[in-house]
Amino acid sequence: MKNAQLSATFDQMADIMEILGQDRFRINSYRKVARTIGELPVDVAMLLEEGTLGKMPGIGKSSLAKIQEYLESGKIAAHEALLEKIPTSLLELLEIPGMGPKGVKAFYDKLKITNVDELKKALADGSAATLPGFGEKKAAALQKGIEFLETSAGRIRLDQAADAAHMVIGHLQRLPGIDRVEPAGSLRRRAESIGDVDILVTTGADKKKSGLTPKEIIALFTTAPFVERVLAAGETKGSAIVQTETTPVQVDVRVVPAESFGAALQYFTGSKPHNVRLREIAVKAKLKLNEYGLFRGERLVAGATEEEIYEKLGLDFIAPALREDRGEVEAAANHSLPKLLQQSDVKGDFHMHTLASDGRAEIEEMAEAAQTLGYAFICITDHSESSIIANGQTPKRLARQIEKIHKVDARLRGITVLAGAEVDILADGKLDFDDALLAHLDFAIASIHSGLGSPRAKVTSRTLKAMDNPYITCIGHPTGRLIGQREAMDIDMAAVIEHAAQTQTALEINANPYRLDLKDTHCRMAIDKGVKLAIGTDAHSAAGLGLMPFGVATAARGWATPGDVLNTLTPARLKTFLKTKRPR
DNA sequence: GCCGTTTTCGGCCCGACTGTTTTCAGTCG
């Protein structure tokens with residue numbers, strides 16, 4: 001599948017065009033193509049063949065021809081021509097925070113600097129200072145930028161971002177005269193990875209008496225003990241690197257007046273493409289939308305709440321999870337947004353481990369923890385024999401574990417404990433337990449834990465074959481990715497989803513923030529094909545059950561309604577559902 | 001390069017912060 005490479009190629013063309021100072025609107029359209037292709041849940045070649053690719057917004061004739069050219073020959077002539085114009089190493093300079101296309105061009109034209117090492121030297125020996133409009137502070141900023149690039153981990157996981165936000169919000173809430181403190185940005189949208197954390201603050205109405213000025217609030221943020229380095233500190237906006245337990249995180253804090261809170265929350269929640277769509281709608285209606293409100297001329301039309309802004313733009317309210325410019329603006333305009341799944345709809349958890357394999361708690365502890373979360377059922381799914389490092393169960397041990405689960409289920413009131421297993425899909429697509437044993441389970445997850453780097457045809461056929469088994473309820477973490485650590489398997493998700501629909505097999509949303517697998521776009525595709533989703537935390541302790549909201553958010557980002565997700569069923573309805581695939 | 005119940009040509013989102021600018025360009029989100 002060439003989606004990622006093709007997307008990167010369009011982005012690179014845009015980068016080079018920026019350095020060359022070409023038309024910014026054309027550059028924008030290249031960026032849009034890159035983003036569209038990068039987010040596709042299926043192989044771009046398949047869509048091209050179907051003839052649907054050219055119908056996607058932002059992909060016109062010219063881009064379509066380039067995509068076709070790339071898929072046929074592995075390159076794009078226009079891309080090759082651009083590469084001729086500058087040394088490719090200039091593109092790595094663009095990665096440096098504080099360095100933009102103009103800066104790269106100036107360093108190249110005037111000082112013949114083509115890479116990061118040469119830039120470092122020029123900054124050290126003072127030759128950079130000979131550039132017009134380039135002083136000491138800019139040199140220091142670039143040096144910091146290079147340092148940051150060389151040490152930062154890049155994007156962080158959702159749970160790490162949530163931790164950082166929790167820390168900063170706690171600090172800000174203790175300041176005098178603070179009214180509201182809310183996270184915004186990709187954290188509020190619950191994106192699968194986060195670049196930086198955005199936090200919004202409003203001061204109370206009595207700020208003149210007892211409170212602080214915006215500038216003072218920013219100063220108290222940037223001087224907080226957890227702040228490692230200040231990137232900017234202005235009148236209303238501060239930006240700093242904050243140290244958390246696991247990783248440094250960039251946190252931006254913005255102070256806004258209460259009457260603009262909704263506008264600011266909307267603006268800083270993004271996503272950027274979503275906001276651009278909204279501002280375009282505003283312009284067409286002779287309005288102007290910015291972080292202070294929706295304006296007709298000088299007059300404020302809306303701004304205190306997000307709801308009134310969407311309403312005044314003629315749109316239904318759009319949940320943060322949907323704000324990605326993936327059709328939500330159109331759906332809001334014609335009142336066809338889905339009623340999204342929420343955590344309160346969830347009645348149970350499908351994936352967890354106990355002491356029987358690599359978990360750290362007894363079955364009872366997991367069940368009791370689930371009850372405190374208000375659940376009506378859980379499913380115990382320990383590993384199978386082949387997962388040796390995870391202390392996988394032999395058939396004999398699984399038989400004993402099933403009995404044990406039944407006993408706990410009989411003893412506990414108010415919660416149904418189902419007997420399950422996470423069964424390895426072996427190299428040939430066979431399962432790690434035979435059908436006679438699987439038949440004793442209520443719920444069986446089939447997962448690939450080995451050979452993730454195998455060719456597309458192999459990992460795909462292994463998964464399809466597992467779904468053919470009548471006792472397999474669900475495919476676990478279907479793509480095998482680990483966010484920021486391991487690429488997804490090269491698996492044909494269109495085929496997997498199609499086969500899941502045919503065999504009435506559910507697909508898991510693994511709620512662990514390392515996985516979030518299925519991801520949002522695949523969830524949406526599965527839902528469109530009528531495939532049911534089963535959210536599981538993959539908990540290895542009672543505390544691990546608390547990861548469920550990450551899975552719920554991922555489902556919501558895939559436009560899931562309560563009806564699309566098995567977790568919303570009562571135990572009785574779930575048991576009925578679990579019989580549908582089995583031989584009678 | 002894309003796009004069209006204002007347009008097939010002429011538009012294409014908006015503002016904060018920084019540095020070195022005496023009025024603004026570059027970068028970022």
# chains A, B, ... in the order shown; residues from 1 in each chain; ligands from 1
call {"tool": "select_by_dssp", "arguments": {"residues": "stretch 199-388 of chain A", "states": "strand (DSSP E)", "output": "number ranges by chain"}}
result
A: 199-203, 227-233, 237-243, 248-256, 288-290, 293-296, 299-302, 348-349, 377-383
call {"tool": "select_by_dssp", "arguments": {"residues": "stretch 389-551 of chain A", "states": "alpha helix (DSSP H)", "output": "VMD selection string"}}
result
chain A and resid 395 to 411 435 to 438 456 to 468 493 to 503 520 to 528 548 to 551
call {"tool": "closest_atom_pairs", "arguments": {"of": "chain A", "to": "chain B", "cutoff": "7 Å", "atoms": "only C-alpha atoms (C1' of nucleotides)", "output": "tab-separated table"}}
result
residue	atom	partner	partner_atom	distance
A:Phe25	CA	B:DC12	C1'	6.7
A:Arg26	CA	B:DG1	C1'	4.9
A:Ser29	CA	B:DG1	C1'	5.6
A:Gly58	CA	B:DC2	C1'	6.1
A:Gly60	CA	B:DC2	C1'	6.5
A:Gly98	CA	B:DT27	C1'	6.2
A:Gly100	CA	B:DT27	C1'	6.3
A:Gly133	CA	B:DT20	C1'	6.5
A:Gly234	CA	B:DC17	C1'	6.8
A:Val276	CA	B:DC13	C1'	5.5
A:Arg279	CA	B:DC13	C1'	5.8
A:Glu280	CA	B:DC13	C1'	6.8
A:Asn290	CA	B:DC14	C1'	6.1
call {"tool": "residues_around", "arguments": {"residues": "A:Met13", "least_positions_apart": "6", "cutoff": "8 Å", "atoms": "only C-alpha atoms (C1' of nucleotides)", "output": "PyMOL selection string"}}
result
chain A and resi 30+79+82
call {"tool": "residues_around", "arguments": {"residues": "A:Gly145", "least_positions_apart": "4", "cutoff": "12 Å", "atoms": "only C-alpha atoms (C1' of nucleotides)", "output": "JSON list (two decimals) with all heavy atoms, in the first residue's frame"}}
result
[["chain", "number", "residue", "atom", "x", "y", "z"],
["A", 93, "LEU", "N", 16.16, 21.17, 7.29],
["A", 93, "LEU", "CA", 16.23, 22.45, 7.99],
["A", 93, "LEU", "C", 14.83, 22.96, 8.34],
["A", 93, "LEU", "O", 14.63, 23.64, 9.35],
["A", 93, "LEU", "CB", 16.94, 23.50, 7.12],
["A", 93, "LEU", "CG", 18.43, 23.28, 6.85],
["A", 93, "LEU", "CD1", 18.96, 24.35, 5.91],
["A", 93, "LEU", "CD2", 19.22, 23.30, 8.15],
["A", 94, "LEU", "N", 13.86, 22.62, 7.48],
["A", 94, "LEU", "CA", 12.48, 23.06, 7.71],
["A", 94, "LEU", "C", 11.89, 22.48, 8.99],
["A", 94, "LEU", "O", 10.96, 23.03, 9.56],
["A", 94, "LEU", "CB", 11.60, 22.61, 6.54],
["A", 94, "LEU", "CG", 11.36, 23.55, 5.37],
["A", 94, "LEU", "CD1", 10.31, 22.94, 4.47],
["A", 94, "LEU", "CD2", 10.90, 24.91, 5.85],
["A", 95, "GLU", "N", 12.45, 21.36, 9.43],
["A", 95, "GLU", "CA", 11.94, 20.69, 10.63],
["A", 95, "GLU", "C", 12.27, 21.47, 11.91],
["A", 95, "GLU", "O", 11.67, 21.26, 12.95],
["A", 95, "GLU", "CB", 12.55, 19.29, 10.76],
["A", 95, "GLU", "CG", 12.32, 18.38, 9.56],
["A", 95, "GLU", "CD", 10.87, 17.98, 9.43],
["A", 95, "GLU", "OE1", 10.27, 17.61, 10.46],
["A", 95, "GLU", "OE2", 10.33, 18.07, 8.31],
["A", 96, "ILE", "N", 13.26, 22.35, 11.82],
["A", 96, "ILE", "CA", 13.70, 23.07, 13.02],
["A", 96, "ILE", "C", 12.64, 24.10, 13.43],
["A", 96, "ILE", "O", 12.26, 24.95, 12.63],
["A", 96, "ILE", "CB", 15.03, 23.81, 12.75],
["A", 96, "ILE", "CG1", 16.10, 22.81, 12.32],
["A", 96, "ILE", "CG2", 15.48, 24.60, 13.97],
["A", 96, "ILE", "CD1", 17.35, 23.47, 11.74],
["A", 97, "PRO", "N", 12.15, 24.02, 14.70],
["A", 97, "PRO", "CA", 11.20, 25.02, 15.16],
["A", 97, "PRO", "C", 11.82, 26.42, 15.08],
["A", 97, "PRO", "O", 12.97, 26.61, 15.47],
["A", 97, "PRO", "CB", 10.96, 24.64, 16.63],
["A", 97, "PRO", "CG", 11.35, 23.21, 16.73],
["A", 97, "PRO", "CD", 12.44, 23.01, 15.73],
["A", 98, "GLY", "N", 11.08, 27.35, 14.52],
["A", 98, "GLY", "CA", 11.59, 28.71, 14.37],
["A", 98, "GLY", "C", 12.18, 28.95, 12.99],
["A", 98, "GLY", "O", 12.46, 30.09, 12.62],
["A", 99, "MET", "N", 12.39, 27.89, 12.25],
["A", 99, "MET", "CA", 12.92, 28.01, 10.89],
["A", 99, "MET", "C", 11.80, 27.73, 9.90],
["A", 99, "MET", "O", 11.17, 26.67, 9.93],
["A", 99, "MET", "CB", 14.04, 26.99, 10.67],
["A", 99, "MET", "CG", 14.68, 27.07, 9.30],
["A", 99, "MET", "SD", 15.73, 28.49, 9.09],
["A", 99, "MET", "CE", 17.33, 27.68, 9.16],
["A", 100, "GLY", "N", 11.55, 28.68, 9.04],
["A", 100, "GLY", "CA", 10.52, 28.49, 8.02],
["A", 100, "GLY", "C", 11.14, 28.51, 6.64],
["A", 100, "GLY", "O", 12.36, 28.59, 6.50],
["A", 116, "VAL", "N", 21.77, 20.66, 8.54],
["A", 116, "VAL", "CA", 21.73, 21.09, 9.94],
["A", 116, "VAL", "C", 23.16, 21.32, 10.49],
["A", 116, "VAL", "O", 23.39, 22.30, 11.22],
["A", 116, "VAL", "CB", 20.98, 20.06, 10.82],
["A", 116, "VAL", "CG1", 21.05, 20.46, 12.29],
["A", 116, "VAL", "CG2", 19.53, 19.96, 10.40],
["A", 119, "LEU", "N", 24.46, 24.58, 9.38],
["A", 119, "LEU", "CA", 23.74, 25.66, 10.08],
["A", 119, "LEU", "C", 24.32, 25.85, 11.49],
["A", 119, "LEU", "O", 24.53, 26.98, 11.93],
["A", 119, "LEU", "CB", 22.25, 25.34, 10.16],
["A", 119, "LEU", "CG", 21.39, 26.35, 10.91],
["A", 119, "LEU", "CD1", 21.43, 27.72, 10.25],
["A", 119, "LEU", "CD2", 19.94, 25.88, 11.02],
["A", 120, "LYS", "N", 24.58, 24.74, 12.16],
["A", 120, "LYS", "CA", 25.16, 24.80, 13.51],
["A", 120, "LYS", "C", 26.47, 25.58, 13.49],
["A", 120, "LYS", "O", 26.71, 26.44, 14.33],
["A", 120, "LYS", "CB", 25.44, 23.38, 14.03],
["A", 120, "LYS", "CG", 24.26, 22.70, 14.69],
["A", 120, "LYS", "CD", 24.78, 21.51, 15.46],
["A", 120, "LYS", "CE", 23.79, 20.38, 15.52],
["A", 120, "LYS", "NZ", 24.37, 19.13, 15.98],
["A", 138, "LYS", "N", 17.63, 35.65, 17.41],
["A", 138, "LYS", "CA", 17.20, 34.67, 16.41],
["A", 138, "LYS", "C", 18.18, 33.50, 16.36],
["A", 138, "LYS", "O", 17.77, 32.35, 16.24],
["A", 138, "LYS", "CB", 17.09, 35.33, 15.03],
["A", 138, "LYS", "CG", 15.66, 35.67, 14.68],
["A", 138, "LYS", "CD", 15.51, 36.04, 13.23],
["A", 138, "LYS", "CE", 14.05, 36.31, 12.93],
["A", 138, "LYS", "NZ", 13.87, 37.03, 11.68],
["A", 139, "ALA", "N", 19.46, 33.82, 16.48],
["A", 139, "ALA", "CA", 20.47, 32.76, 16.49],
["A", 139, "ALA", "C", 20.25, 31.83, 17.68],
["A", 139, "ALA", "O", 20.28, 30.60, 17.54],
["A", 139, "ALA", "CB", 21.87, 33.37, 16.55],
["A", 140, "ALA", "N", 19.98, 32.42, 18.84],
["A", 140, "ALA", "CA", 19.75, 31.62, 20.05],
["A", 140, "ALA", "C", 18.50, 30.77, 19.89],
["A", 140, "ALA", "O", 18.47, 29.59, 20.27],
["A", 140, "ALA", "CB", 19.62, 32.54, 21.26],
["A", 141, "ALA", "N", 17.45, 31.37, 19.28],
["A", 141, "ALA", "CA", 16.19, 30.63, 19.09],
["A", 141, "ALA", "C", 16.42, 29.42, 18.19],
["A", 141, "ALA", "O", 15.90, 28.34, 18.44],
["A", 141, "ALA", "CB", 15.13, 31.56, 18.51],
["A", 149, "LEU", "N", 14.83, 19.66, 18.47],
["A", 149, "LEU", "CA", 14.62, 18.66, 17.41],
["A", 149, "LEU", "C", 15.42, 17.39, 17.71],
["A", 149, "LEU", "O", 14.97, 16.28, 17.50],
["A", 149, "LEU", "CB", 15.07, 19.26, 16.08],
["A", 149, "LEU", "CG", 14.68, 18.51, 14.82],
["A", 149, "LEU", "CD1", 13.17, 18.51, 14.68],
["A", 149, "LEU", "CD2", 15.32, 19.14, 13.61],
["A", 150, "GLU", "N", 16.65, 17.58, 18.23],
["A", 150, "GLU", "CA", 17.52, 16.44, 18.47],
["A", 150, "GLU", "C", 17.15, 15.65, 19.72],
["A", 150, "GLU", "O", 17.53, 14.49, 19.86],
["A", 150, "GLU", "CB", 18.98, 16.92, 18.55],
["A", 150, "GLU", "CG", 19.52, 17.32, 17.17],
["A", 150, "GLU", "CD", 20.89, 17.97, 17.21],
["A", 150, "GLU", "OE1", 21.31, 18.37, 18.31],
["A", 150, "GLU", "OE2", 21.52, 18.07, 16.15],
["A", 151, "THR", "N", 16.40, 16.27, 20.63],
["A", 151, "THR", "CA", 16.08, 15.57, 21.89],
["A", 151, "THR", "C", 14.60, 15.20, 22.03],
["A", 151, "THR", "O", 14.26, 14.34, 22.82],
["A", 151, "THR", "CB", 16.45, 16.43, 23.11],
["A", 151, "THR", "OG1", 15.77, 17.68, 23.01],
["A", 151, "THR", "CG2", 17.94, 16.67, 23.16],
["A", 152, "SER", "N", 13.70, 15.86, 21.28],
["A", 152, "SER", "CA", 12.28, 15.63, 21.53],
["A", 152, "SER", "C", 11.82, 14.29, 20.96],
["A", 152, "SER", "O", 12.38, 13.77, 20.00],
["A", 152, "SER", "CB", 11.44, 16.75, 20.93],
["A", 152, "SER", "OG", 11.08, 16.42, 19.61],
["A", 229, "ARG", "N", 11.26, 24.83, 30.13],
["A", 229, "ARG", "CA", 11.77, 25.87, 29.24],
["A", 229, "ARG", "C", 10.60, 26.69, 28.72],
["A", 229, "ARG", "O", 9.56, 26.14, 28.34],
["A", 229, "ARG", "CB", 12.50, 25.23, 28.07],
["A", 229, "ARG", "CG", 13.23, 26.22, 27.19],
["A", 229, "ARG", "CD", 14.43, 25.57, 26.52],
["A", 229, "ARG", "NE", 14.06, 24.49, 25.62],
["A", 229, "ARG", "CZ", 13.59, 24.69, 24.39],
["A", 229, "ARG", "NH1", 13.42, 25.90, 23.94],
["A", 229, "ARG", "NH2", 13.28, 23.67, 23.62],
["A", 231, "LEU", "N", 8.93, 28.94, 25.89],
["A", 231, "LEU", "CA", 9.07, 29.19, 24.45],
["A", 231, "LEU", "C", 8.55, 30.58, 24.09],
["A", 231, "LEU", "O", 9.08, 31.23, 23.20],
["A", 231, "LEU", "CB", 8.30, 28.13, 23.66],
["A", 231, "LEU", "CG", 8.73, 26.68, 23.90],
["A", 231, "LEU", "CD1", 7.78, 25.73, 23.18],
["A", 231, "LEU", "CD2", 10.15, 26.45, 23.45]]
call {"tool": "closest_residue", "arguments": {"among": "A:Ala560, A:Ile178, A:Leu142, A:Val459", "to": "A:Ala321", "atoms": "only C-alpha atoms"}}
result
A:Ala560
call {"tool": "residues_around", "arguments": {"residues": "A:Gly297", "least_positions_apart": "6", "cutoff": "9 Å", "atoms": "only C-alpha atoms (C1' of nucleotides)", "output": "list of chain:residue names"}}
result
A:Lys286, A:Leu287, A:Lys288
call {"tool": "closest_residue", "arguments": {"among": "A:Ser73, A:Ser386, A:Thr9, A:Thr554", "to": "A:Leu340", "atoms": "only C-alpha atoms"}}
result
A:Thr554
call {"tool": "residues_around", "arguments": {"residues": "stretch 157-170 of chain A", "least_positions_apart": "6", "cutoff": "8 Å", "atoms": "only C-alpha atoms (C1' of nucleotides)", "output": "PDB file with N, CA and C atoms, in the first residue's frame"}}
result
ATOM      1  N   VAL A 181     -10.963  26.719  33.436  1.00  0.00           N
ATOM      2  CA  VAL A 181      -9.740  26.209  32.826  1.00  0.00           C
ATOM      3  C   VAL A 181     -10.128  24.948  32.058  1.00  0.00           C
ATOM      4  N   GLU A 182      -9.934  24.957  30.746  1.00  0.00           N
ATOM      5  CA  GLU A 182     -10.374  23.822  29.929  1.00  0.00           C
ATOM      6  C   GLU A 182      -9.294  23.400  28.934  1.00  0.00           C
ATOM      7  N   PRO A 183      -9.104  22.092  28.763  1.00  0.00           N
ATOM      8  CA  PRO A 183      -8.215  21.650  27.683  1.00  0.00           C
ATOM      9  C   PRO A 183      -8.903  21.824  26.332  1.00  0.00           C
ATOM     10  N   LEU A 187      -6.105  17.181  22.124  1.00  0.00           N
ATOM     11  CA  LEU A 187      -6.446  16.425  23.335  1.00  0.00           C
ATOM     12  C   LEU A 187      -7.963  16.397  23.527  1.00  0.00           C
ATOM     13  N   ARG A 190      -9.539  14.148  21.282  1.00  0.00           N
ATOM     14  CA  ARG A 190      -9.109  12.773  21.551  1.00  0.00           C
ATOM     15  C   ARG A 190      -8.456  12.131  20.326  1.00  0.00           C
ATOM     16  N   ALA A 191      -7.592  12.902  19.688  1.00  0.00           N
ATOM     17  CA  ALA A 191      -6.835  12.366  18.556  1.00  0.00           C
ATOM     18  C   ALA A 191      -5.885  11.279  19.063  1.00  0.00           C
ATOM     19  N   GLU A 192      -5.425  10.400  18.165  1.00  0.00           N
ATOM     20  CA  GLU A 192      -4.643   9.240  18.606  1.00  0.00           C
ATOM     21  C   GLU A 192      -3.238   9.629  19.070  1.00  0.00           C
ATOM     22  N   SER A 193      -2.729  10.759  18.593  1.00  0.00           N
ATOM     23  CA  SER A 193      -1.465  11.261  19.123  1.00  0.00           C
ATOM     24  C   SER A 193      -1.552  12.777  19.179  1.00  0.00           C
ATOM     25  N   ILE A 194      -0.745  13.363  20.056  1.00  0.00           N
ATOM     26  CA  ILE A 194      -0.896  14.779  20.370  1.00  0.00           C
ATOM     27  C   ILE A 194       0.440  15.481  20.148  1.00  0.00           C
ATOM     28  N   ASP A 196       0.986  19.151  20.792  1.00  0.00           N
ATOM     29  CA  ASP A 196       1.125  19.917  22.029  1.00  0.00           C
ATOM     30  C   ASP A 196      -0.234  20.060  22.696  1.00  0.00           C
ATOM     31  N   VAL A 197      -0.195  20.422  23.977  1.00  0.00           N
ATOM     32  CA  VAL A 197      -1.412  20.513  24.777  1.00  0.00           C
ATOM     33  C   VAL A 197      -1.846  21.972  24.842  1.00  0.00           C
ATOM     34  N   ILE A 199      -4.402  24.779  26.507  1.00  0.00           N
ATOM     35  CA  ILE A 199      -5.270  24.999  27.661  1.00  0.00           C
ATOM     36  C   ILE A 199      -5.783  26.431  27.644  1.00  0.00           C
ATOM     37  N   PHE A 221       2.105  30.790  34.909  1.00  0.00           N
ATOM     38  CA  PHE A 221       2.222  29.497  34.225  1.00  0.00           C
ATOM     39  C   PHE A 221       3.681  29.240  33.840  1.00  0.00           C
ATOM     40  N   VAL A 242       6.918  21.409  29.385  1.00  0.00           N
ATOM     41  CA  VAL A 242       6.593  20.979  30.731  1.00  0.00           C
ATOM     42  C   VAL A 242       7.102  19.550  30.926  1.00  0.00           C
ATOM     43  N   GLN A 243       7.695  19.274  32.080  1.00  0.00           N
ATOM     44  CA  GLN A 243       8.191  17.922  32.321  1.00  0.00           C
ATOM     45  C   GLN A 243       7.127  17.090  33.048  1.00  0.00           C
ATOM     46  N   THR A 244       6.714  15.968  32.458  1.00  0.00           N
ATOM     47  CA  THR A 244       5.801  15.043  33.137  1.00  0.00           C
ATOM     48  C   THR A 244       6.613  13.835  33.582  1.00  0.00           C
ATOM     49  N   THR A 246       6.656  10.912  32.357  1.00  0.00           N
ATOM     50  CA  THR A 246       7.166  10.066  31.272  1.00  0.00           C
ATOM     51  C   THR A 246       7.883  10.818  30.166  1.00  0.00           C
ATOM     52  N   THR A 247       7.528  12.105  29.942  1.00  0.00           N
ATOM     53  CA  THR A 247       8.048  12.770  28.753  1.00  0.00           C
ATOM     54  C   THR A 247       7.900  14.286  28.850  1.00  0.00           C
ATOM     55  N   VAL A 249       6.542  17.746  27.431  1.00  0.00           N
ATOM     56  CA  VAL A 249       5.364  18.046  26.613  1.00  0.00           C
ATOM     57  C   VAL A 249       5.276  19.557  26.420  1.00  0.00           C
ATOM     58  N   VAL A 251       3.181  22.754  26.231  1.00  0.00           N
ATOM     59  CA  VAL A 251       1.855  23.189  26.668  1.00  0.00           C
ATOM     60  C   VAL A 251       1.687  24.670  26.333  1.00  0.00           C
ATOM     61  N   ILE A 483       1.404   2.838  18.843  1.00  0.00           N
ATOM     62  CA  ILE A 483       1.549   4.237  18.460  1.00  0.00           C
ATOM     63  C   ILE A 483       2.930   4.774  18.852  1.00  0.00           C
ATOM     64  N   GLY A 484       3.621   5.323  17.878  1.00  0.00           N
ATOM     65  CA  GLY A 484       4.949   5.878  18.106  1.00  0.00           C
ATOM     66  C   GLY A 484       6.047   4.829  18.224  1.00  0.00           C
ATOM     67  N   PRO A 513      -4.104   3.242  25.116  1.00  0.00           N
ATOM     68  CA  PRO A 513      -3.619   4.382  24.329  1.00  0.00           C
ATOM     69  C   PRO A 513      -2.363   4.096  23.507  1.00  0.00           C
ATOM     70  N   TYR A 514      -1.675   3.002  23.787  1.00  0.00           N
ATOM     71  CA  TYR A 514      -0.585   2.580  22.915  1.00  0.00           C
ATOM     72  C   TYR A 514      -1.122   2.016  21.601  1.00  0.00           C
TER      73      TYR A 514
END
call {"tool": "residues_around", "arguments": {"residues": "A:Leu355", "least_positions_apart": "4", "cutoff": "12 Å", "atoms": "only C-alpha atoms (C1' of nucleotides)", "output": "list in words"}}
result
Gly359, Arg360, Ala361, Glu362, Ile363, Glu364, Glu365, Met366, Ile380, Thr381, Asp382, His383, Ala390, Asn391, Gly392, Gln393, Arg397, Gln401, Ala539, His540, Ser541 and Ala542 of chain A
